Amino acid sequence: MSSLRFAVLGCGYWSQFQVAAWREVGGVELAALYNRTRAKAEALAARFAVSAVYDSAEELLRCERLDFVDIITSPETHAEFVALAARHGVSVICQKPMAPDLPAAESMVRTCREAGVAFAVHENWRWQTPIRALKVALSTDGLGRVFRARVSFNCSFPVFDNQPFLRELDRFVLTDIGSHVLDAARFLFGEAKRLYCATQRVNPTIRGEDVATVILEMIGGATVTCEMSYASRLEHERFPETYVLVECERGSVELGPDYWVRVTTEAGVAARRHPPPRYLWADPAYGLVQASIVPCNQDLLRALRTGQPAETSAEDNLRTMRLVFGAYQSAATGTPVTL
């Protein structure tokens, strides 16, 4: 089976891990790199032995024969590059968050649908080894219906040190980590029918919110609280781990520190640790998250080869975006939002 040719648009911090993960998956050939600052593209090209480098995305798409592009630029540029790829008939993978606002996200999905090109979002959080294990554990016989859950990502990790641009975002924690956490909540518990959100800015040196609490009323009847914070100094911080507690009719399931999943029923507690695989190319501080890029990319490649939707298709991710921007609406008005 021949490899699919692709180009990476955007050569910032995360691109090196995205490219390394594609090489881990195999079945693809990185044909070209684009970055508006050419030197960044040249540096990444030297590292991964890529010969074609551009500082014009239009020129890249005109000159290269591609099966898809992987867009790893800042969110405010996503719509421009998605539309450009669609005009050239090239399938699209776009980094999260899909767009800086809901109308832009909806327009991007519509543009690709009308152009007949596949469009998926690189939403890797739900592909973390312990989160996938938690999903399996929820099917344990005898637990019954989920009635309440809490999904927590709270820490004091200095995220601004290697991503200083985050300080300047008017909307921060809900778009940055919230798009991950709310998508994971959908993956685990299904769709929401209503939400309420409150936000705070605790760090005085940033522009956006760094704390958010979202309460979701799920269609299935559960109440799910999603907590996100980069301002919380806690005893059991394990950045970038997500903790989840799920209460069911006849038991509970918990994902706790150090990747432990515990199922508690009347019969007792069954516990098992689910660490992620380790890759030499991953940043140890982000190892859990970056390991999840590999299975995410495997699913994206499956979708591109078969023509079937990716698990994180743009159509699916649009539902996550509605939660993110619904949360901002609720926080601004102080009232619940019906979805």
# chains A, B, ... in the order shown; residues from 1 in each chain; ligands from 1
$ select_by_dssp --residues "range 6-251 of chain A" --states "strand (DSSP E)" --output "PyMOL selection string"
chain A and resi 6-9+28-34+52-54+68-71+91-95+119-122+146-154+192-200+211-218+223-229+243-248+251
$ residues_around --residues "range 35-52 of chain A" --least-positions-apart "5" --cutoff "10 Å" --atoms "only C-alpha atoms" --output "PyMOL selection string"
chain A and resi 7-13+15-16+19-20+23+29-30+57+60+64+72-73
$ write_last_selection --atoms "N, CA and C atoms" --output "mmCIF file, in the first residue's frame"
data_model
loop_
_atom_site.group_PDB
_atom_site.id
_atom_site.type_symbol
_atom_site.label_atom_id
_atom_site.label_comp_id
_atom_site.auth_asym_id
_atom_site.auth_seq_id
_atom_site.Cartn_x
_atom_site.Cartn_y
_atom_site.Cartn_z
ATOM 1 N N ALA A 7 1.616 17.546 3.894
ATOM 2 C CA ALA A 7 2.421 18.707 4.261
ATOM 3 C C ALA A 7 1.972 19.201 5.623
ATOM 4 N N VAL A 8 2.896 19.743 6.367
ATOM 5 C CA VAL A 8 2.596 20.383 7.646
ATOM 6 C C VAL A 8 2.601 21.892 7.438
ATOM 7 N N LEU A 9 1.524 22.527 7.843
ATOM 8 C CA LEU A 9 1.431 23.983 7.807
ATOM 9 C C LEU A 9 1.570 24.495 9.232
ATOM 10 N N GLY A 10 2.685 25.143 9.517
ATOM 11 C CA GLY A 10 2.952 25.643 10.861
ATOM 12 C C GLY A 10 4.027 24.823 11.544
ATOM 13 N N CYS A 11 5.146 25.459 11.892
ATOM 14 C CA CYS A 11 6.302 24.735 12.435
ATOM 15 C C CYS A 11 6.684 25.246 13.822
ATOM 16 N N GLY A 12 5.675 25.493 14.653
ATOM 17 C CA GLY A 12 5.917 25.913 16.020
ATOM 18 C C GLY A 12 6.238 24.753 16.938
ATOM 19 N N TYR A 13 6.081 24.970 18.251
ATOM 20 C CA TYR A 13 6.508 24.016 19.271
ATOM 21 C C TYR A 13 5.930 22.624 19.060
ATOM 22 N N SER A 15 4.692 21.121 16.401
ATOM 23 C CA SER A 15 4.855 20.445 15.105
ATOM 24 C C SER A 15 5.879 19.318 15.165
ATOM 25 N N GLN A 16 6.945 19.485 15.939
ATOM 26 C CA GLN A 16 7.984 18.442 16.016
ATOM 27 C C GLN A 16 7.420 17.128 16.546
ATOM 28 N N VAL A 19 4.969 15.565 13.831
ATOM 29 C CA VAL A 19 5.711 14.896 12.761
ATOM 30 C C VAL A 19 6.306 13.579 13.263
ATOM 31 N N ALA A 20 6.865 13.596 14.477
ATOM 32 C CA ALA A 20 7.440 12.375 15.043
ATOM 33 C C ALA A 20 6.374 11.296 15.205
ATOM 34 N N ARG A 23 5.589 9.651 11.933
ATOM 35 C CA ARG A 23 6.622 8.672 11.591
ATOM 36 C C ARG A 23 6.447 7.383 12.393
ATOM 37 N N GLU A 29 4.107 10.041 4.022
ATOM 38 C CA GLU A 29 5.362 10.677 3.617
ATOM 39 C C GLU A 29 5.215 12.185 3.775
ATOM 40 N N LEU A 30 6.052 12.768 4.604
ATOM 41 C CA LEU A 30 6.033 14.219 4.781
ATOM 42 C C LEU A 30 6.743 14.858 3.593
ATOM 43 N N ALA A 57 1.890 29.260 1.886
ATOM 44 C CA ALA A 57 1.051 28.055 1.856
ATOM 45 C C ALA A 57 0.391 27.888 0.493
ATOM 46 N N LEU A 60 2.892 26.286 -1.779
ATOM 47 C CA LEU A 60 3.061 24.877 -1.412
ATOM 48 C C LEU A 60 1.950 24.025 -2.021
ATOM 49 N N GLU A 64 2.917 21.142 -4.790
ATOM 50 C CA GLU A 64 3.088 19.797 -4.264
ATOM 51 C C GLU A 64 1.859 18.929 -4.535
ATOM 52 N N ILE A 72 -1.060 23.102 11.847
ATOM 53 C CA ILE A 72 -0.622 23.218 13.238
ATOM 54 C C ILE A 72 -0.277 24.679 13.529
ATOM 55 N N THR A 73 -1.079 25.576 13.000
ATOM 56 C CA THR A 73 -0.887 27.007 13.199
ATOM 57 C C THR A 73 -1.784 27.492 14.342
#
$ atom_distance --atom1 "CA of Phe119 in chain A" --atom2 "CA of Tyr54 in chain A"
22.8 Å
$ select_by_dssp --residues "range 31-275 of chain A" --states "alpha helix (DSSP H)" --output "ChimeraX atom specification"
/A:38-48,57-63,75-87,102-115,129-137,173-176,178-189
$ closest_atom_pairs --of "range 132-210 of chain A" --to "range 282-285 of chain A" --cutoff "12 Å" --atoms "only C-alpha atoms" --output "tab-separated table"
residue	atom	partner	partner_atom	distance
A:Phe157	CA	A:Ala285	CA	9.7
A:Pro158	CA	A:Ala285	CA	10.8
A:Val159	CA	A:Ala285	CA	10.4
A:Asn162	CA	A:Ala285	CA	11.2
$ write_last_selection --atoms "C-alpha atoms" --output "tab-separated table (two decimals), in the first residue's frame"
chain	number	residue	atom	x	y	z
A	157	PHE	CA	2.18	23.80	35.71
A	158	PRO	CA	4.08	26.77	34.14
A	159	VAL	CA	2.45	26.31	30.73
A	162	ASN	CA	7.25	27.20	26.46
$ residues_around --residues "Val151 in chain A" --least-positions-apart "4" --cutoff "8 Å" --atoms "only C-alpha atoms" --output "number ranges by chain"
A: 181, 185, 224-227, 242-245
$ residues_around --residues "Glu209 in chain A" --least-positions-apart "4" --cutoff "8 Å" --atoms "only C-alpha atoms" --output "list in words"
Asp170, Arg171, Phe172, Val173, Leu174, Thr199, Gln200, Arg201 and Val202 of chain A
$ residues_around --residues "range 300-311 of chain A" --least-positions-apart "4" --cutoff "9 Å" --atoms "only C-alpha atoms" --output "count of residues only"
17
$ closest_residue --among "A:Phe6, A:Trp22, A:Trp14, A:Phe325" --to "Tyr196 in chain A" --atoms "only C-alpha atoms"
A:Phe325
$ residues_around --residues "Val263 in chain A" --least-positions-apart "4" --cutoff "12 Å" --atoms "only C-alpha atoms" --output "mmCIF file with N, CA and C atoms, in the first residue's frame"
data_model
loop_
_atom_site.group_PDB
_atom_site.id
_atom_site.type_symbol
_atom_site.label_atom_id
_atom_site.label_comp_id
_atom_site.auth_asym_id
_atom_site.auth_seq_id
_atom_site.Cartn_x
_atom_site.Cartn_y
_atom_site.Cartn_z
ATOM 1 N N ALA A 133 -8.824 3.410 28.799
ATOM 2 C CA ALA A 133 -9.053 2.338 29.762
ATOM 3 C C ALA A 133 -10.253 2.647 30.649
ATOM 4 N N LEU A 134 -10.410 3.896 31.035
ATOM 5 C CA LEU A 134 -11.571 4.291 31.838
ATOM 6 C C LEU A 134 -12.861 4.030 31.072
ATOM 7 N N LYS A 135 -12.868 4.344 29.784
ATOM 8 C CA LYS A 135 -14.045 4.104 28.952
ATOM 9 C C LYS A 135 -14.413 2.621 28.955
ATOM 10 N N VAL A 136 -13.420 1.752 28.838
ATOM 11 C CA VAL A 136 -13.669 0.312 28.873
ATOM 12 C C VAL A 136 -14.198 -0.098 30.243
ATOM 13 N N ALA A 137 -13.621 0.459 31.304
ATOM 14 C CA ALA A 137 -14.036 0.097 32.658
ATOM 15 C C ALA A 137 -15.484 0.473 32.933
ATOM 16 N N LEU A 138 -15.976 1.516 32.270
ATOM 17 C CA LEU A 138 -17.367 1.932 32.472
ATOM 18 C C LEU A 138 -18.360 0.875 31.996
ATOM 19 N N SER A 139 -17.877 -0.066 31.173
ATOM 20 C CA SER A 139 -18.764 -1.124 30.693
ATOM 21 C C SER A 139 -18.777 -2.330 31.630
ATOM 22 N N THR A 140 -18.122 -2.213 32.789
ATOM 23 C CA THR A 140 -18.089 -3.310 33.759
ATOM 24 C C THR A 140 -19.508 -3.749 34.130
ATOM 25 N N ASP A 141 -19.750 -5.039 34.101
ATOM 26 C CA ASP A 141 -21.079 -5.569 34.429
ATOM 27 C C ASP A 141 -21.492 -5.159 35.843
ATOM 28 N N GLY A 142 -22.745 -4.760 35.984
ATOM 29 C CA GLY A 142 -23.301 -4.500 37.295
ATOM 30 C C GLY A 142 -23.194 -3.081 37.796
ATOM 31 N N LEU A 143 -22.470 -2.206 37.089
ATOM 32 C CA LEU A 143 -22.333 -0.827 37.554
ATOM 33 C C LEU A 143 -23.633 -0.042 37.416
ATOM 34 N N VAL A 244 -10.699 11.562 36.788
ATOM 35 C CA VAL A 244 -12.129 11.393 36.518
ATOM 36 C C VAL A 244 -12.729 10.511 37.615
ATOM 37 N N LEU A 245 -13.851 10.934 38.149
ATOM 38 C CA LEU A 245 -14.625 10.119 39.089
ATOM 39 C C LEU A 245 -16.030 9.959 38.523
ATOM 40 N N VAL A 246 -16.458 8.705 38.347
ATOM 41 C CA VAL A 246 -17.766 8.407 37.766
ATOM 42 C C VAL A 246 -18.589 7.628 38.785
ATOM 43 N N GLU A 247 -19.752 8.153 39.127
ATOM 44 C CA GLU A 247 -20.648 7.484 40.065
ATOM 45 C C GLU A 247 -21.801 6.841 39.291
ATOM 46 N N CYS A 248 -21.984 5.549 39.529
ATOM 47 C CA CYS A 248 -23.021 4.772 38.851
ATOM 48 C C CYS A 248 -24.018 4.240 39.879
ATOM 49 N N ARG A 250 -24.686 1.315 40.918
ATOM 50 C CA ARG A 250 -24.244 0.249 41.820
ATOM 51 C C ARG A 250 -22.716 0.181 41.935
ATOM 52 N N GLY A 251 -22.078 1.312 41.796
ATOM 53 C CA GLY A 251 -20.633 1.332 41.939
ATOM 54 C C GLY A 251 -20.031 2.604 41.378
ATOM 55 N N SER A 252 -18.714 2.629 41.273
ATOM 56 C CA SER A 252 -18.035 3.812 40.747
ATOM 57 C C SER A 252 -16.774 3.397 40.005
ATOM 58 N N VAL A 253 -16.312 4.302 39.158
ATOM 59 C CA VAL A 253 -15.059 4.117 38.429
ATOM 60 C C VAL A 253 -14.252 5.396 38.606
ATOM 61 N N GLU A 254 -12.972 5.242 38.913
ATOM 62 C CA GLU A 254 -12.137 6.419 39.145
ATOM 63 C C GLU A 254 -10.816 6.292 38.396
ATOM 64 N N LEU A 255 -10.434 7.359 37.707
ATOM 65 C CA LEU A 255 -9.100 7.492 37.138
ATOM 66 C C LEU A 255 -8.356 8.478 38.018
ATOM 67 N N GLY A 256 -7.352 7.992 38.732
ATOM 68 C CA GLY A 256 -6.630 8.817 39.686
ATOM 69 C C GLY A 256 -5.185 9.007 39.310
ATOM 70 N N ALA A 267 -18.716 -5.898 45.618
ATOM 71 C CA ALA A 267 -17.766 -6.999 45.778
ATOM 72 C C ALA A 267 -16.374 -6.531 46.189
ATOM 73 N N GLY A 268 -16.102 -5.215 46.074
ATOM 74 C CA GLY A 268 -14.793 -4.699 46.438
ATOM 75 C C GLY A 268 -14.229 -3.764 45.384
ATOM 76 N N VAL A 269 -12.914 -3.599 45.398
ATOM 77 C CA VAL A 269 -12.227 -2.675 44.490
ATOM 78 C C VAL A 269 -11.279 -3.448 43.592
ATOM 79 N N ALA A 270 -11.410 -3.242 42.297
ATOM 80 C CA ALA A 270 -10.481 -3.801 41.324
ATOM 81 C C ALA A 270 -9.666 -2.654 40.743
ATOM 82 N N ALA A 271 -8.354 -2.704 40.889
ATOM 83 C CA ALA A 271 -7.497 -1.597 40.467
ATOM 84 C C ALA A 271 -6.446 -2.082 39.468
ATOM 85 N N ARG A 272 -6.196 -1.236 38.470
ATOM 86 C CA ARG A 272 -5.176 -1.553 37.484
ATOM 87 C C ARG A 272 -4.567 -0.252 36.959
ATOM 88 N N ARG A 273 -3.271 -0.279 36.768
ATOM 89 C CA ARG A 273 -2.562 0.892 36.272
ATOM 90 C C ARG A 273 -2.462 0.819 34.755
#
